[in-house]
Amino acid sequence: MNGDAALLLLADSRLPAGGHAHSGGVEEAVRRGTVTGAGDLARFLRGRLATAGLVTAALAAAACELAAVDSGGSAGRELRAACDPGPPPADDAADGVPLWRRLDAEADARTASPAQRGAARTQGRLLLRTARRMWPSAALDALARAVPEGPHHPVALGAAAASAGCAPRQAALAAAYTSVTGPATAAVRLLGLDPVTVHRLLADLAPALEDTAHVACASLDDAVPADDEPDGCGAGHHQGRQPGRHPERQAAWQAARWHALPGHSAPALDLLAEGHLTNPMKLFVS
Amino acid sequence: MGAHHDDLHDAAEPHGRALRLGIGGPVGSGKTALVAALCRSLGPSLRLGVVTNDIYTTEDADFLRRAGVVDPERILAVQTGCCPHTAIRDDIAANLDAVETLEERFGPLDLVIVESGGDNLTATFSRGLADRQIFVLDVSGGDKVPRKGGPGVTSADLLVVNKTDLAPMVGADLTVMSRDAAAVRDGKPVLFTSIREDRGAHSVAEWVTHMVDAWRREHGEPHHHAVQSAVQSAARQAPAS
Amino acid sequence: MTAVTARALIRTEAAGGGRTRLETLRSDPPLTLRQTGPRRVHLVSTGAGPLRGDHLELGVDVAPGTSLEVRSVGATLVLPGLADTPSVMVVRARVGAGATLHFSPEPTVLAAGCVHRLVVRLSLAEDATVFWREEIVFGRHGERPGRGRARFDATVAGRPLLRQDLLVGEEAVDGSPAVYGDARCVGSTLIAGPAWAPPAVPDVKRERRAALGDGWAALPLAGPGVQVCALGADAVQLRERLRRGEEAAATSPPTTPPATSAPDG
């Protein structure tokens with residue numbers, strides 16, 4: 001199994017996880033007149049992918065990797081079993097709860113706009129709800145315990161991807177994909193654009209989607225633990241070198257690299273997200 | 001994959017939680033008026049929550065809040081991104097989240113009403129969201145609507161034909177509507193009402209009360225920790241404002 | 001012309017009676033520092049640039065309980081050069097317990113053909129207060145911008161507060177209505193400290209609302225801070241918008257009134 005089929009399910013706009021009600025800033029851009037047709041939309045989508053899309057892809061990859069090593073995926077369990085034949089630990093720390101909180105905090109730090117954080121948490125909460133019934137796993141349970149108000153969407157997406165059998169690169173690709181397909185669909189509905197024209201734009205973005213997933217994973221693979229940030233999750237003494245195969249250590253080592261993940265910001269998206277909240281006639285959640 | 005809890009049931013575990021009642025129907029048929037009427041009639045005896053699915057976000061929720069028929073905090077609005085039927089049938093995640101937020105915040109509740117956004121005759125609620133559903137028509141749409149059927153008319157647990165006071169003015173024949181509805185509904189009940197004249201929609205309220213009683217007999221008294229959400233929904237959805 | 005490497009350092013110490021003394025003021029041309037007030041230092045550019053290949057580092061260490069203001073005399077004009085490598089400017093700042101740092105240099109102008117990296121590592125103690133403004137202008141008047149990437153990392157007691165990259169001069173982001181629209185400059189101000197901590201309501205996570213104006217927003221962060229972000233057609237409009245946002249952020253902290261005063265400046 002290589003996770004391809006699971007990836008299709010996860011990225012499908014029909015996945016019942018509330019994504020259809022989010023326009024990713026397009027509704028407000030339409031209201032402000034900065035997106036009026038296919039040309040504007042193409043530039044909007046490309047810019048969104050290069051910023052928010054890359055950030056969510058990297059966070060999703062990190063979450064997928066954490067879920068796999070931490071406790072959720074089969075690889076993680078095998079790893080754990082190989083190191084520690086005893087019964088699985090039940091306490092929060094051993095289940096990776098602090099690590100999930102830390103990764104979610106890294107997502108917070110990359111999302112300055114409170115409106116965007118709210119939308120990301122709403123989508124994350126709904127995705128987690130759906131994923132826990134589709135692909136039940138200890139990692140998803142731990143994530144729900146760690147962030148009961150709902151994790152950021154890419155964090156939930158990465159954890160769901162791992163539970164479905166996807167690799168970090170596939171999680172990143174799903175995140176990049178949904179970062180542009182939702183807004184594209186919203187534009188079709190709001191502007192009455194020809195849906196084939198809009199799907200042509202998405203087809204043109206396909207190479208950029210692959211690149212984004214690649215860069216997102218490279219940012220994770222190339223990162224080294226921070227040397228000047230005391231770490232809240234106890235990873236401080238694993239600085240520099242890759243630890244052995246001990247899962248807790250490995251997870252902590254992973255966490256110490258998250259500081260370097262991309263944080264590409266898009267000021268216009270921030271302004272649009274906040275402006276959207278002031279629209280009394282809005283159709284979309286975000 | 002480690003299956004920790006293989007819950008393949010349709011909706012959330014029904015034991016010990018509120019009945020979830022979906023109210024759907026075409027635009028302008030009086031869904032929001034019916035919700036307000038039910039809140040008026042049932043509010044004194046039942047613990048209620050209301051979820052609205054407006055086209056424009058909070059219009060219906062605002063109407064209900066202004067009507068003062070239920071504690072404004074107990075009304076949550078769900079945005080549907082131009083597709084009200086998607087939110088009640090194909091992707092019910094946001095609605096479930098809202099229902100469970102109400103149960104978390106104000107539970108135990110006896111009845112949670114989910115009002116769909118105005119849509120077409122094919123829109124019905126997923127069983128994963130609503131335990132029972134009411135479809136609301138009005139006579140001004142013409143007396144042929146029941147005959148034309150559609151999933152809403154044929155499958156709803158209760159069909160309500162509203163605005164009977166307008167029947168003479170629009171030339172709608174209520175007996176035709178009644179006969180046609182009976183023919184396509186396989187014996188399921190139909191009620192005629194005019195919420196303008198009967199502000200408590202008492203016949204509908206009575207039917208709902210029966211449903212709530214039967215639900216309680218079958219699944220036990222609602223209690224607060226009954227929320228069997230897929231996420232332990234400490235859902236922090238802010239009330240729509 | 002050969003590439004330049006420079007390391008300058010500003011370090012304060014507590015001088016008793018709640019006063020601040022400049023313990024170290026080490027210039028390293030072209031990074032030249034001048035003390036212009038009891039707790040104020042101006043960065044004085046000597047020589048043009050930075051140019052491609054240059055590597056400049058400024059260290060700022062604000063000792064516990066002290067306060068420092070860093071400004072610059074003029075805008076930084078980043079120019080192209082012969083080297084293949086980008087020009088790099090790194091600012092590492094530590095703000096100790098109870099200390100205050102106000103950092104507001106003039107804008108960085110990315111001239112056509114430049115390739116520039118700006119890296120800011122801002123490390124705050126739990127109850128440190130900071131005002132940190134950053135402005136980037138996309139090229140001189142009427143010219144296309146060079147390429148730039150600005151990375152900003154702020155942590156509070158090791159916890160991430162704000163991590164952002166701004167990309168300028170890349171095809172994907174230029175002219176995108178999702179990123180800068182038709183703006184010609186971008187700016188942000190981080191105002192952080194205990195006074196801007198989110199309310200500690202234990203079980204309800206409700207985001208604070210942003211203040212919003214024409215082309216600017218004051219965004220309450222998940223941690224103890226507010227980021228003002230603004231877009232502008234030119235540097236003057238950008239500064240004006242940032243100022244409005246800063247005012248909104250500083251005069252009405254999104255939580256209970258601050259226990260400590262806003263950063264002086």
# chains A, B, ... in the order shown; residues from 1 in each chain; ligands from 1
call {"tool": "closest_atom_pairs", "arguments": {"of": "chain C", "to": "chain A", "cutoff": "6 Å", "atoms": "only C-alpha atoms", "output": "tab-separated table"}}
result
residue	atom	partner	partner_atom	distance
C:Gly158	CA	A:Pro230	CA	4.9
C:Pro160	CA	A:Ala109	CA	5.8
C:Leu161	CA	A:Ala109	CA	5.1
C:Leu162	CA	A:Ala109	CA	4.3
C:Arg163	CA	A:Arg110	CA	5.2
C:Gln164	CA	A:Gly263	CA	4.3
C:Asp165	CA	A:His264	CA	4.3
C:Leu166	CA	A:His264	CA	5.8
C:Ala172	CA	A:Gly47	CA	5.3
C:Val173	CA	A:Gly47	CA	4.6
C:Ser176	CA	A:Arg43	CA	4.8
C:Pro177	CA	A:Phe44	CA	5.1
C:Ala178	CA	A:Phe44	CA	4.9
C:Val179	CA	A:Ala266	CA	4.3
C:Tyr180	CA	A:Ala268	CA	5.5
C:Glu207	CA	A:Pro114	CA	5.8
C:Leu219	CA	A:Ser113	CA	5.4
C:Leu221	CA	A:Ala112	CA	5.5
call {"tool": "residues_around", "arguments": {"residues": "A:Leu140", "least_positions_apart": "3", "cutoff": "9 Å", "atoms": "only C-alpha atoms", "output": "list in words"}}
result
Ala67, Gly72, Leu128, Ala131, Arg132, Trp135, Pro136, Ser137, Leu143, Ala144, Arg145, Ala156, Ala159, Ala160 and Ser163 of chain A
call {"tool": "write_last_selection", "arguments": {"atoms": "N, CA and C atoms", "output": "PDB file, in the first residue's frame"}}
result
ATOM      1  N   ALA A  67       2.754  11.906  13.392  1.00  0.00           N
ATOM      2  CA  ALA A  67       1.742  10.873  13.650  1.00  0.00           C
ATOM      3  C   ALA A  67       2.321   9.488  13.370  1.00  0.00           C
ATOM      4  N   GLY A  72       0.668   6.797  16.027  1.00  0.00           N
ATOM      5  CA  GLY A  72      -0.519   6.471  15.255  1.00  0.00           C
ATOM      6  C   GLY A  72      -0.290   5.463  14.171  1.00  0.00           C
ATOM      7  N   LEU A 128     -10.923  16.519  11.701  1.00  0.00           N
ATOM      8  CA  LEU A 128     -10.530  15.533  12.716  1.00  0.00           C
ATOM      9  C   LEU A 128     -11.722  14.649  13.082  1.00  0.00           C
ATOM     10  N   ALA A 131     -12.153  12.306  10.128  1.00  0.00           N
ATOM     11  CA  ALA A 131     -11.032  11.369   9.986  1.00  0.00           C
ATOM     12  C   ALA A 131     -11.048  10.309  11.073  1.00  0.00           C
ATOM     13  N   ARG A 132     -11.492  10.693  12.276  1.00  0.00           N
ATOM     14  CA  ARG A 132     -11.477   9.707  13.370  1.00  0.00           C
ATOM     15  C   ARG A 132     -12.482   8.593  13.137  1.00  0.00           C
ATOM     16  N   TRP A 135     -10.606   6.802   9.614  1.00  0.00           N
ATOM     17  CA  TRP A 135      -9.326   6.124   9.831  1.00  0.00           C
ATOM     18  C   TRP A 135      -8.958   6.205  11.316  1.00  0.00           C
ATOM     19  N   PRO A 136      -9.666   5.483  12.158  1.00  0.00           N
ATOM     20  CA  PRO A 136      -9.391   5.613  13.601  1.00  0.00           C
ATOM     21  C   PRO A 136      -7.930   5.294  13.916  1.00  0.00           C
ATOM     22  N   SER A 137      -7.332   6.113  14.764  1.00  0.00           N
ATOM     23  CA  SER A 137      -5.942   5.839  15.142  1.00  0.00           C
ATOM     24  C   SER A 137      -5.629   6.522  16.455  1.00  0.00           C
ATOM     25  N   LEU A 143      -4.264  13.757  19.154  1.00  0.00           N
ATOM     26  CA  LEU A 143      -4.394  15.125  18.641  1.00  0.00           C
ATOM     27  C   LEU A 143      -5.677  15.778  19.161  1.00  0.00           C
ATOM     28  N   ALA A 144      -6.756  15.009  19.187  1.00  0.00           N
ATOM     29  CA  ALA A 144      -8.026  15.554  19.695  1.00  0.00           C
ATOM     30  C   ALA A 144      -7.903  15.899  21.178  1.00  0.00           C
ATOM     31  N   ARG A 145      -7.178  15.071  21.914  1.00  0.00           N
ATOM     32  CA  ARG A 145      -6.976  15.371  23.338  1.00  0.00           C
ATOM     33  C   ARG A 145      -6.086  16.591  23.505  1.00  0.00           C
ATOM     34  N   ALA A 156      -4.342  18.739  11.430  1.00  0.00           N
ATOM     35  CA  ALA A 156      -5.329  17.652  11.364  1.00  0.00           C
ATOM     36  C   ALA A 156      -5.161  16.868  10.062  1.00  0.00           C
ATOM     37  N   ALA A 159      -2.128  14.549  10.254  1.00  0.00           N
ATOM     38  CA  ALA A 159      -2.390  13.408  11.137  1.00  0.00           C
ATOM     39  C   ALA A 159      -3.365  12.437  10.474  1.00  0.00           C
ATOM     40  N   ALA A 160      -4.367  12.987   9.792  1.00  0.00           N
ATOM     41  CA  ALA A 160      -5.328  12.132   9.089  1.00  0.00           C
ATOM     42  C   ALA A 160      -4.632  11.370   7.966  1.00  0.00           C
ATOM     43  N   SER A 163      -2.750   8.496   9.336  1.00  0.00           N
ATOM     44  CA  SER A 163      -3.664   7.438   9.770  1.00  0.00           C
ATOM     45  C   SER A 163      -4.256   6.691   8.579  1.00  0.00           C
TER      46      SER A 163
END
call {"tool": "residues_around", "arguments": {"residues": "stretch 68-81 of chain B", "least_positions_apart": "4", "cutoff": "9 Å", "atoms": "only C-alpha atoms", "output": "JSON, numbers by chain"}}
result
{"A": [18, 20, 21, 22, 23, 186, 189, 282, 283, 284, 285], "B": [36, 37, 38, 39, 40, 43, 48, 49, 50, 51, 52, 53, 54, 55, 56, 57, 58, 59, 60, 61, 62, 63, 64, 85, 86, 87, 94, 95, 98, 99, 101, 102, 105, 106, 117, 237, 238, 239, 240, 241]}
call {"tool": "residues_around", "arguments": {"residues": "C:Thr100", "least_positions_apart": "5", "cutoff": "10 Å", "atoms": "only C-alpha atoms", "output": "PyMOL selection string"}}
result
chain C and resi 62-69+95+124+127-131+192-193+262-264
call {"tool": "select_by_dssp", "arguments": {"residues": "stretch 195-254 of chain C", "states": "strand (DSSP E or B)", "output": "list in words"}}
result
Ala211, Leu212, Gly213, Trp216, Ala217, Ala218, Leu219, Pro220, Gly225, Val226, Gln227, Val228, Cys229, Ala230, Leu231 and Gly232 of chain C
call {"tool": "residues_around", "arguments": {"residues": "stretch 129-139 of chain B", "least_positions_apart": "4", "cutoff": "7 Å", "atoms": "only C-alpha atoms", "output": "PyMOL selection string"}}
result
chain B and resi 11+19-26+29-31+92+96+125+143+152-153+156-164+166-167+172
call {"tool": "write_last_selection", "arguments": {"atoms": "N, CA, C and O atoms", "output": "short mmCIF file (atom, residue, chain, number, x, y, z; two decimals), in the first residue's frame"}}
result
data_model
loop_
_atom_site.label_atom_id
_atom_site.label_comp_id
_atom_site.auth_asym_id
_atom_site.auth_seq_id
_atom_site.Cartn_x
_atom_site.Cartn_y
_atom_site.Cartn_z
N ALA B 11 -25.69 8.15 12.78
CA ALA B 11 -25.55 9.40 13.51
C ALA B 11 -24.77 9.12 14.78
O ALA B 11 -24.36 8.01 15.05
N LEU B 19 -33.30 14.59 20.77
CA LEU B 19 -33.79 14.31 19.42
C LEU B 19 -33.34 15.45 18.51
O LEU B 19 -33.45 16.61 18.86
N ARG B 20 -32.84 15.07 17.34
CA ARG B 20 -32.42 16.09 16.36
C ARG B 20 -33.45 16.13 15.24
O ARG B 20 -33.65 15.13 14.54
N LEU B 21 -34.08 17.27 15.12
CA LEU B 21 -35.18 17.42 14.18
C LEU B 21 -34.78 18.36 13.05
O LEU B 21 -34.46 19.52 13.28
N GLY B 22 -34.80 17.84 11.83
CA GLY B 22 -34.50 18.68 10.68
C GLY B 22 -35.77 19.31 10.14
O GLY B 22 -36.81 18.65 10.06
N ILE B 23 -35.69 20.59 9.79
CA ILE B 23 -36.82 21.26 9.14
C ILE B 23 -36.35 21.84 7.82
O ILE B 23 -35.49 22.71 7.79
N GLY B 24 -36.89 21.29 6.72
CA GLY B 24 -36.46 21.72 5.40
C GLY B 24 -37.65 22.18 4.57
O GLY B 24 -38.80 22.10 5.01
N GLY B 25 -37.37 22.67 3.38
CA GLY B 25 -38.43 23.11 2.49
C GLY B 25 -37.96 24.25 1.62
O GLY B 25 -36.91 24.83 1.88
N PRO B 26 -38.74 24.56 0.59
CA PRO B 26 -38.33 25.60 -0.34
C PRO B 26 -38.26 26.99 0.32
O PRO B 26 -38.80 27.20 1.40
N SER B 29 -41.28 29.15 2.36
CA SER B 29 -42.44 28.33 2.72
C SER B 29 -42.80 28.50 4.19
O SER B 29 -43.88 28.11 4.62
N GLY B 30 -41.89 29.09 4.96
CA GLY B 30 -42.20 29.35 6.37
C GLY B 30 -41.44 28.48 7.34
O GLY B 30 -41.92 28.23 8.45
N LYS B 31 -40.25 28.05 6.95
CA LYS B 31 -39.44 27.22 7.85
C LYS B 31 -39.09 27.98 9.12
O LYS B 31 -39.25 27.47 10.23
N ILE B 92 -22.16 17.08 6.35
CA ILE B 92 -22.91 17.57 7.52
C ILE B 92 -22.00 17.96 8.68
O ILE B 92 -22.47 18.24 9.78
N LEU B 96 -23.20 19.09 12.42
CA LEU B 96 -23.01 18.22 13.58
C LEU B 96 -22.21 18.95 14.66
O LEU B 96 -22.51 18.85 15.85
N PHE B 125 -32.53 15.85 4.67
CA PHE B 125 -31.46 15.77 5.67
C PHE B 125 -30.83 14.39 5.66
O PHE B 125 -31.52 13.37 5.52
N ASP B 143 -51.07 24.02 -5.83
CA ASP B 143 -51.53 22.78 -5.22
C ASP B 143 -51.00 21.52 -5.92
O ASP B 143 -51.30 20.42 -5.55
N GLY B 152 -38.12 15.36 -0.53
CA GLY B 152 -38.59 16.08 0.65
C GLY B 152 -40.04 15.76 0.95
O GLY B 152 -40.40 15.40 2.08
N VAL B 153 -40.87 15.85 -0.07
CA VAL B 153 -42.31 15.61 0.12
C VAL B 153 -42.58 14.14 0.44
O VAL B 153 -43.37 13.82 1.33
N ALA B 156 -40.14 12.82 4.09
CA ALA B 156 -40.10 13.47 5.40
C ALA B 156 -41.06 12.76 6.37
O ALA B 156 -42.09 12.24 5.97
N ASP B 157 -40.67 12.75 7.65
CA ASP B 157 -41.53 12.11 8.64
C ASP B 157 -42.83 12.86 8.80
O ASP B 157 -43.86 12.27 9.13
N LEU B 158 -42.79 14.16 8.56
CA LEU B 158 -44.01 14.97 8.61
C LEU B 158 -43.96 15.98 7.47
O LEU B 158 -42.93 16.64 7.27
N LEU B 159 -45.07 16.08 6.74
CA LEU B 159 -45.18 17.14 5.72
C LEU B 159 -46.10 18.21 6.29
O LEU B 159 -47.22 17.91 6.72
N VAL B 160 -45.61 19.43 6.31
CA VAL B 160 -46.43 20.55 6.78
C VAL B 160 -46.78 21.43 5.58
O VAL B 160 -45.88 21.83 4.85
N VAL B 161 -48.06 21.68 5.39
CA VAL B 161 -48.49 22.61 4.35
C VAL B 161 -48.92 23.89 5.05
O VAL B 161 -49.92 23.91 5.78
N ASN B 162 -48.14 24.94 4.83
CA ASN B 162 -48.30 26.19 5.57
C ASN B 162 -49.06 27.22 4.72
O ASN B 162 -49.26 27.04 3.53
N LYS B 163 -49.47 28.29 5.39
CA LYS B 163 -50.16 29.42 4.76
C LYS B 163 -51.51 29.02 4.17
O LYS B 163 -51.88 29.46 3.07
N THR B 164 -52.25 28.16 4.88
CA THR B 164 -53.56 27.74 4.37
C THR B 164 -54.50 28.94 4.27
O THR B 164 -55.47 28.91 3.49
N LEU B 166 -53.95 31.53 2.81
CA LEU B 166 -53.82 32.12 1.48
C LEU B 166 -54.49 31.29 0.40
O LEU B 166 -54.58 31.73 -0.76
N ALA B 167 -54.96 30.09 0.75
CA ALA B 167 -55.45 29.16 -0.27
C ALA B 167 -56.51 29.78 -1.19
O ALA B 167 -56.40 29.67 -2.41
N ALA B 172 -55.58 27.64 -4.47
CA ALA B 172 -55.06 26.31 -4.18
C ALA B 172 -56.14 25.47 -3.52
O ALA B 172 -56.84 25.93 -2.62
#
call {"tool": "closest_atom_pairs", "arguments": {"of": "stretch 115-134 of chain B", "to": "stretch 32-35 of chain B", "cutoff": "10 Å", "atoms": "only C-alpha atoms", "output": "CSV"}}
result
residue,atom,partner,partner_atom,distance
B:Glu115,CA,B:Thr32,CA,7.3
B:Ser116,CA,B:Thr32,CA,9.2
B:Gly117,CA,B:Thr32,CA,9.5
B:Gly118,CA,B:Thr32,CA,9.7
call {"tool": "write_last_selection", "arguments": {"atoms": "N, CA and C atoms", "output": "compact mmCIF listing (two decimals), in the first residue's frame"}}
result
# COMPACT_ATOMS: atom_id res chain seq x y z
N GLU B 115 -32.59 23.91 11.12
CA GLU B 115 -33.36 24.46 10.01
C GLU B 115 -32.47 24.57 8.79
N SER B 116 -32.89 23.98 7.69
CA SER B 116 -32.05 24.05 6.49
C SER B 116 -32.21 25.41 5.83
N GLY B 117 -31.25 25.75 4.99
CA GLY B 117 -31.41 26.94 4.16
C GLY B 117 -32.46 26.63 3.12
N GLY B 118 -33.17 27.65 2.65
CA GLY B 118 -34.20 27.41 1.65
C GLY B 118 -33.59 26.79 0.41
call {"tool": "atom_distance", "arguments": {"atom1": "atom CA of A:Val30", "atom2": "atom CA of C:Ala210"}}
result
20.9 Å
call {"tool": "atom_distance", "arguments": {"atom1": "atom CA of B:Val145", "atom2": "atom CA of B:Gly187"}}
result
17.5 Å
call {"tool": "residues_around", "arguments": {"residues": "C:Val137", "least_positions_apart": "3", "cutoff": "8 Å", "atoms": "only C-alpha atoms", "output": "number ranges by chain"}}
result
C: 107-110, 140, 184-186, 234-235
call {"tool": "atom_distance", "arguments": {"atom1": "atom CA of B:Met177", "atom2": "atom CA of B:Arg89"}}
result
26.7 Å
call {"tool": "residues_around", "arguments": {"residues": "C:Pro194", "least_positions_apart": "2", "cutoff": "10 Å", "atoms": "only C-alpha atoms", "output": "list in words"}}
result
Gly98, Glu126, Asp127, Ala128, Thr129, Ala192, Trp196, Ala197, Pro198, Gly223, Pro224, Gly225, Pro258, Ala259 and Thr260 of chain C
call {"tool": "write_last_selection", "arguments": {"atoms": "N, CA and C atoms", "output": "tab-separated table (two decimals), in the first residue's frame"}}
result
chain	number	residue	atom	x	y	z
C	98	GLY	N	11.68	41.84	31.89
C	98	GLY	CA	11.30	43.20	32.26
C	98	GLY	C	11.93	44.28	31.39
C	126	GLU	N	10.04	36.08	29.22
C	126	GLU	CA	8.61	35.97	29.51
C	126	GLU	C	7.92	37.34	29.62
C	127	ASP	N	8.54	38.27	30.34
C	127	ASP	CA	7.86	39.56	30.55
C	127	ASP	C	8.60	40.72	29.88
C	128	ALA	N	9.25	40.43	28.76
C	128	ALA	CA	9.89	41.50	27.99
C	128	ALA	C	8.84	42.17	27.11
C	129	THR	N	9.13	43.41	26.74
C	129	THR	CA	8.22	44.15	25.86
C	129	THR	C	8.99	44.62	24.62
C	192	ALA	N	4.71	43.40	21.31
C	192	ALA	CA	4.53	42.20	22.13
C	192	ALA	C	4.95	42.46	23.56
C	196	TRP	N	-0.05	42.40	26.14
C	196	TRP	CA	-0.81	41.95	24.97
C	196	TRP	C	-1.09	40.45	25.01
C	197	ALA	N	-1.00	39.89	26.18
C	197	ALA	CA	-1.29	38.45	26.30
C	197	ALA	C	-2.78	38.21	26.09
C	198	PRO	N	-3.12	37.10	25.45
C	198	PRO	CA	-4.54	36.79	25.29
C	198	PRO	C	-5.16	36.50	26.64
C	223	GLY	N	-0.30	34.29	20.78
C	223	GLY	CA	0.51	34.54	21.97
C	223	GLY	C	0.40	35.99	22.40
C	224	PRO	N	1.30	36.42	23.31
C	224	PRO	CA	1.19	37.77	23.87
C	224	PRO	C	1.72	38.85	22.92
C	225	GLY	N	0.95	39.16	21.91
C	225	GLY	CA	1.40	40.19	21.00
C	225	GLY	C	0.35	40.53	19.96
C	258	PRO	N	-2.86	47.30	30.30
C	258	PRO	CA	-1.54	46.76	30.60
C	258	PRO	C	-1.06	47.11	32.00
C	259	ALA	N	-0.32	46.17	32.57
C	259	ALA	CA	0.27	46.42	33.87
C	259	ALA	C	1.50	47.30	33.70
C	260	THR	N	2.18	47.12	32.59
C	260	THR	CA	3.34	47.96	32.30
C	260	THR	C	2.95	48.92	31.18
call {"tool": "closest_residue", "arguments": {"among": "B:Pro44, B:Gly200, B:Pro146, B:Gly171", "to": "B:Arg185", "atoms": "only C-alpha atoms"}}
result
B:Pro146
